[in-house]
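Asker: File follows, coords_1.txt with compact mmCIF, N, CA and C atoms:
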```
# COMPACT_ATOMS: atom_id res chain seq x y z
N MET Z 1 118.00 114.85 99.11
CA MET Z 1 117.11 114.61 100.21
C MET Z 1 115.77 114.15 99.64
N ALA Z 2 115.16 113.23 100.28
CA ALA Z 2 113.94 112.64 99.75
C ALA Z 2 112.76 113.61 99.81
N HIS Z 3 112.59 114.31 100.91
CA HIS Z 3 111.44 115.20 101.07
C HIS Z 3 111.94 116.56 101.57
N TRP Z 4 112.31 117.42 100.66
CA TRP Z 4 112.77 118.75 101.04
C TRP Z 4 111.55 119.64 101.25
N PRO Z 5 111.49 120.40 102.36
CA PRO Z 5 110.33 121.25 102.63
C PRO Z 5 110.14 122.32 101.54
N LYS Z 6 108.90 122.73 101.35
CA LYS Z 6 108.60 123.71 100.31
C LYS Z 6 108.55 125.14 100.84
N THR Z 7 108.60 125.31 102.16
CA THR Z 7 108.54 126.65 102.73
C THR Z 7 109.91 127.06 103.24
N ILE Z 8 110.12 128.36 103.35
CA ILE Z 8 111.40 128.87 103.85
C ILE Z 8 111.59 128.48 105.30
N SER Z 9 110.53 128.59 106.10
CA SER Z 9 110.67 128.22 107.52
C SER Z 9 110.96 126.72 107.65
N GLY Z 10 110.37 125.90 106.78
CA GLY Z 10 110.66 124.47 106.80
C GLY Z 10 112.10 124.19 106.42
N ASN Z 11 112.63 124.92 105.45
CA ASN Z 11 114.03 124.77 105.06
C ASN Z 11 114.97 125.16 106.20
N ILE Z 12 114.66 126.27 106.85
CA ILE Z 12 115.49 126.73 107.97
C ILE Z 12 115.45 125.71 109.10
N PHE Z 13 114.28 125.19 109.41
CA PHE Z 13 114.15 124.19 110.46
C PHE Z 13 114.95 122.93 110.12
N THR Z 14 114.87 122.48 108.87
CA THR Z 14 115.60 121.28 108.45
C THR Z 14 117.10 121.48 108.55
N ILE Z 15 117.58 122.62 108.10
CA ILE Z 15 119.02 122.91 108.18
C ILE Z 15 119.47 123.01 109.62
N ALA Z 16 118.68 123.70 110.47
CA ALA Z 16 119.04 123.82 111.88
C ALA Z 16 119.05 122.45 112.56
N LEU Z 17 118.08 121.62 112.23
CA LEU Z 17 118.04 120.27 112.80
C LEU Z 17 119.27 119.47 112.38
N ALA Z 18 119.65 119.59 111.12
CA ALA Z 18 120.85 118.89 110.65
C ALA Z 18 122.10 119.40 111.36
N ILE Z 19 122.19 120.71 111.56
CA ILE Z 19 123.35 121.29 112.24
C ILE Z 19 123.43 120.81 113.68
N LEU Z 20 122.29 120.58 114.32
CA LEU Z 20 122.30 120.10 115.69
C LEU Z 20 122.48 118.58 115.80
N VAL Z 21 121.88 117.84 114.90
CA VAL Z 21 121.86 116.38 115.03
C VAL Z 21 123.14 115.73 114.51
N VAL Z 22 123.69 116.21 113.41
CA VAL Z 22 124.86 115.57 112.81
C VAL Z 22 126.05 115.55 113.77
N PRO Z 23 126.43 116.65 114.42
CA PRO Z 23 127.56 116.57 115.36
C PRO Z 23 127.31 115.61 116.53
N MET Z 24 126.07 115.58 117.03
CA MET Z 24 125.77 114.65 118.13
C MET Z 24 125.87 113.20 117.65
N LEU Z 25 125.42 112.94 116.45
CA LEU Z 25 125.51 111.60 115.91
C LEU Z 25 126.96 111.18 115.70
N VAL Z 26 127.78 112.09 115.17
CA VAL Z 26 129.20 111.79 114.98
C VAL Z 26 129.86 111.54 116.33
N TRP Z 27 129.57 112.37 117.32
CA TRP Z 27 130.15 112.18 118.65
C TRP Z 27 129.74 110.82 119.22
N PHE Z 28 128.48 110.47 119.08
CA PHE Z 28 128.00 109.19 119.59
C PHE Z 28 128.71 108.02 118.90
N LEU Z 29 128.87 108.10 117.60
CA LEU Z 29 129.53 107.01 116.88
C LEU Z 29 131.01 106.89 117.24
N ILE Z 30 131.66 108.03 117.51
CA ILE Z 30 133.08 107.98 117.89
C ILE Z 30 133.24 107.36 119.27
N THR Z 31 132.28 107.57 120.16
CA THR Z 31 132.42 107.03 121.52
C THR Z 31 132.12 105.54 121.61
N LEU Z 32 131.54 104.97 120.57
CA LEU Z 32 131.26 103.53 120.59
C LEU Z 32 132.56 102.73 120.49
N PRO Z 33 132.57 101.54 121.07
CA PRO Z 33 133.75 100.67 120.89
C PRO Z 33 133.91 100.29 119.42
N ALA Z 34 135.14 99.93 119.06
CA ALA Z 34 135.46 99.64 117.66
C ALA Z 34 134.63 98.49 117.11
N MET Z 35 134.32 97.51 117.94
CA MET Z 35 133.54 96.37 117.47
C MET Z 35 132.14 96.80 117.02
N PHE Z 36 131.53 97.70 117.77
CA PHE Z 36 130.21 98.20 117.39
C PHE Z 36 130.29 99.08 116.14
N GLN Z 37 131.37 99.85 116.01
CA GLN Z 37 131.54 100.66 114.82
C GLN Z 37 131.64 99.79 113.58
N TRP Z 38 132.43 98.71 113.66
CA TRP Z 38 132.54 97.80 112.52
C TRP Z 38 131.20 97.12 112.24
N GLY Z 39 130.47 96.80 113.30
CA GLY Z 39 129.16 96.19 113.11
C GLY Z 39 128.19 97.14 112.43
N LEU Z 40 128.19 98.40 112.86
CA LEU Z 40 127.33 99.40 112.22
C LEU Z 40 127.74 99.63 110.77
N ALA Z 41 129.04 99.63 110.51
CA ALA Z 41 129.51 99.79 109.14
C ALA Z 41 129.04 98.62 108.28
N ALA Z 42 129.11 97.40 108.84
CA ALA Z 42 128.66 96.22 108.09
C ALA Z 42 127.15 96.29 107.82
N VAL Z 43 126.38 96.73 108.80
CA VAL Z 43 124.93 96.87 108.61
C VAL Z 43 124.64 97.93 107.55
N ALA Z 44 125.36 99.04 107.60
CA ALA Z 44 125.16 100.11 106.61
C ALA Z 44 125.48 99.61 105.21
N LEU Z 45 126.59 98.90 105.06
CA LEU Z 45 126.95 98.35 103.74
C LEU Z 45 125.93 97.34 103.27
N ALA Z 46 125.43 96.52 104.17
CA ALA Z 46 124.41 95.54 103.80
C ALA Z 46 123.13 96.24 103.34
N CYS Z 47 122.75 97.31 104.02
CA CYS Z 47 121.55 98.07 103.60
C CYS Z 47 121.74 98.70 102.23
N VAL Z 48 122.90 99.26 101.99
CA VAL Z 48 123.18 99.84 100.66
C VAL Z 48 123.15 98.77 99.59
N ALA Z 49 123.79 97.62 99.87
CA ALA Z 49 123.80 96.53 98.89
C ALA Z 49 122.39 96.01 98.62
N LEU Z 50 121.58 95.87 99.66
CA LEU Z 50 120.20 95.42 99.46
C LEU Z 50 119.37 96.42 98.68
N SER Z 51 119.57 97.72 98.93
CA SER Z 51 118.81 98.71 98.19
C SER Z 51 119.21 98.73 96.72
N ILE Z 52 120.50 98.59 96.43
CA ILE Z 52 120.96 98.51 95.03
C ILE Z 52 120.39 97.27 94.37
N TRP Z 53 120.44 96.15 95.06
CA TRP Z 53 119.89 94.89 94.53
C TRP Z 53 118.40 95.04 94.23
N ARG Z 54 117.68 95.66 95.15
CA ARG Z 54 116.23 95.83 94.96
C ARG Z 54 115.93 96.75 93.78
N ARG Z 55 116.70 97.83 93.63
CA ARG Z 55 116.50 98.73 92.49
C ARG Z 55 116.76 98.02 91.17
N ARG Z 56 117.77 97.17 91.15
CA ARG Z 56 118.05 96.41 89.91
C ARG Z 56 116.91 95.46 89.60
N ILE Z 57 116.36 94.81 90.61
CA ILE Z 57 115.23 93.91 90.39
C ILE Z 57 114.02 94.69 89.90
N ASP Z 58 113.73 95.84 90.50
CA ASP Z 58 112.60 96.66 90.06
C ASP Z 58 112.79 97.13 88.62
N ALA Z 59 114.02 97.53 88.28
CA ALA Z 59 114.28 97.97 86.91
C ALA Z 59 114.09 96.81 85.93
N ALA Z 60 114.52 95.61 86.30
CA ALA Z 60 114.34 94.45 85.43
C ALA Z 60 112.86 94.13 85.28
N ARG Z 61 112.10 94.24 86.34
CA ARG Z 61 110.66 93.99 86.25
C ARG Z 61 109.98 95.02 85.35
N GLU Z 62 110.41 96.28 85.45
CA GLU Z 62 109.85 97.31 84.58
C GLU Z 62 110.17 97.02 83.12
N ARG Z 63 111.40 96.60 82.85
CA ARG Z 63 111.77 96.26 81.47
C ARG Z 63 110.94 95.10 80.96
N ASN Z 64 110.61 94.14 81.82
CA ASN Z 64 109.80 93.00 81.40
C ASN Z 64 108.37 93.41 81.08
N TRP Z 65 107.88 94.49 81.70
CA TRP Z 65 106.50 94.92 81.47
C TRP Z 65 106.35 95.73 80.19
N VAL Z 66 107.45 96.17 79.59
CA VAL Z 66 107.36 96.98 78.39
C VAL Z 66 106.67 96.17 77.29
N GLY Z 67 105.64 96.74 76.71
CA GLY Z 67 104.90 96.07 75.66
C GLY Z 67 103.77 95.20 76.16
N GLU Z 68 103.64 95.03 77.46
CA GLU Z 68 102.55 94.23 78.02
C GLU Z 68 101.30 95.08 78.17
N PHE Z 69 100.18 94.43 78.34
CA PHE Z 69 98.91 95.11 78.54
C PHE Z 69 98.92 95.85 79.87
N SER Z 70 98.46 97.10 79.87
CA SER Z 70 98.43 97.87 81.10
C SER Z 70 97.16 98.72 81.15
N PHE Z 71 96.90 99.29 82.30
CA PHE Z 71 95.76 100.16 82.48
C PHE Z 71 95.88 101.40 81.60
N GLY Z 72 97.12 101.88 81.43
CA GLY Z 72 97.35 103.04 80.56
C GLY Z 72 96.93 102.76 79.13
N ASP Z 73 97.12 101.53 78.67
CA ASP Z 73 96.68 101.15 77.33
C ASP Z 73 95.16 101.25 77.22
N VAL Z 74 94.46 100.80 78.24
CA VAL Z 74 93.00 100.86 78.24
C VAL Z 74 92.54 102.31 78.19
N VAL Z 75 93.16 103.17 78.99
CA VAL Z 75 92.78 104.58 79.02
C VAL Z 75 93.01 105.22 77.66
N ARG Z 76 94.16 104.97 77.04
CA ARG Z 76 94.45 105.54 75.72
C ARG Z 76 93.46 105.04 74.67
N ARG Z 77 93.13 103.76 74.71
CA ARG Z 77 92.18 103.21 73.75
C ARG Z 77 90.79 103.81 73.94
N ARG Z 78 90.35 103.97 75.20
CA ARG Z 78 89.03 104.55 75.47
C ARG Z 78 88.98 106.01 75.00
N ARG Z 79 90.04 106.75 75.25
CA ARG Z 79 90.08 108.16 74.81
C ARG Z 79 90.07 108.24 73.29
N ALA Z 80 90.78 107.34 72.64
CA ALA Z 80 90.77 107.33 71.18
C ALA Z 80 89.38 107.00 70.66
N ASP Z 81 88.70 106.05 71.27
CA ASP Z 81 87.34 105.70 70.87
C ASP Z 81 86.39 106.88 71.06
N GLU Z 82 86.53 107.58 72.20
CA GLU Z 82 85.69 108.73 72.46
C GLU Z 82 85.96 109.85 71.45
N ALA Z 83 87.23 110.04 71.11
CA ALA Z 83 87.58 111.07 70.13
C ALA Z 83 86.98 110.72 68.76
N LEU Z 84 86.98 109.45 68.40
CA LEU Z 84 86.37 109.03 67.13
C LEU Z 84 84.87 109.27 67.14
N GLU Z 85 84.22 109.00 68.29
CA GLU Z 85 82.79 109.23 68.40
C GLU Z 85 82.45 110.71 68.27
N VAL Z 86 83.25 111.55 68.91
CA VAL Z 86 83.01 113.00 68.85
C VAL Z 86 83.26 113.49 67.42
N ALA Z 87 84.28 112.98 66.76
CA ALA Z 87 84.59 113.40 65.39
C ALA Z 87 83.51 112.93 64.41
N ALA Z 88 82.88 111.80 64.70
CA ALA Z 88 81.85 111.25 63.80
C ALA Z 88 80.56 112.05 63.89
N ARG Z 89 80.32 112.75 64.96
CA ARG Z 89 79.07 113.50 65.15
C ARG Z 89 79.06 114.74 64.35
```
Please, can you express the file's structure as structure tokens?
Answerer:
Amino acid sequence: MAHWPKTISGNIFTIALAILVVPMLVWFLITLPAMFQWGLAAVALACVALSIWRRRIDAARERNWVGEFSFGDVVRRRRADEALEVAAR
């Protein structure tokens, strides 16, 4: 789950909501005509495929940035310079 609650009451509420919503959602999907079910399945598969494709692109972009200049490099260099100044005093 992307955002699991940190409190016990939040966990209980989330579980209760899932127990109430999931059966209603299943019932609703079963009552739909077969054509709509296939359409929803196609949309769901397309969303999964797009999310996998996007993650692969993001991972490739991250790999391309390895070794490039970044803000983290600037911060590390400034801290090293400050440490040298403090050590020189």
Asker: Produce a table with one row for each residue of range 42-82 of chain Z that has an atom at most 8 Å from any atom of range 23-38 of chain Z, each row naming the nearest atom pair and its distance in Å at one decimal; use all atoms listed in the file; arrange rows by chain and rising residue number; format as CSV.
Answerer:
```
residue,atom,partner,partner_atom,distance
Z:Ala42,N,Z:Trp38,C,4.0
Z:Val43,N,Z:Trp38,C,5.9
Z:Ala44,N,Z:Trp38,C,7.7
```
Asker: Write a file of the just-selected residues containing N, CA and C atoms, as a short mmCIF file (atom, residue, chain, number, x, y, z; two decimals), in the coordinates of the input.
Answerer:
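The new file part39.cif reads:
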```cif
data_model
loop_
_atom_site.label_atom_id
_atom_site.label_comp_id
_atom_site.auth_asym_id
_atom_site.auth_seq_id
_atom_site.Cartn_x
_atom_site.Cartn_y
_atom_site.Cartn_z
N ALA Z 42 129.11 97.40 108.84
CA ALA Z 42 128.66 96.22 108.09
C ALA Z 42 127.15 96.29 107.82
N VAL Z 43 126.38 96.73 108.80
CA VAL Z 43 124.93 96.87 108.61
C VAL Z 43 124.64 97.93 107.55
N ALA Z 44 125.36 99.04 107.60
CA ALA Z 44 125.16 100.11 106.61
C ALA Z 44 125.48 99.61 105.21
#
```
Asker: Can you measure CA of Glu68 in chain Z to CA of Arg54 in chain Z for me? One decimal in Å is fine.
Answerer: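 Calculated distance between CA of Glu68 in chain Z and CA of Arg54 in chain Z is 21.8 Å.
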Asker: Could you work out how far CA of His3 in chain Z lies from CA of Leu40 in chain Z, giving the answer in Å with one decimal?
Answerer: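 Answer for the CA of Leu40 in chain Z to CA of His3 in chain Z separation: 25.0 Å.
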Asker: What does the distance from CA of Trp53 in chain Z to atom C of Ser70 in chain Z come to in Å, to one decimal?
Answerer: 26.7 Å
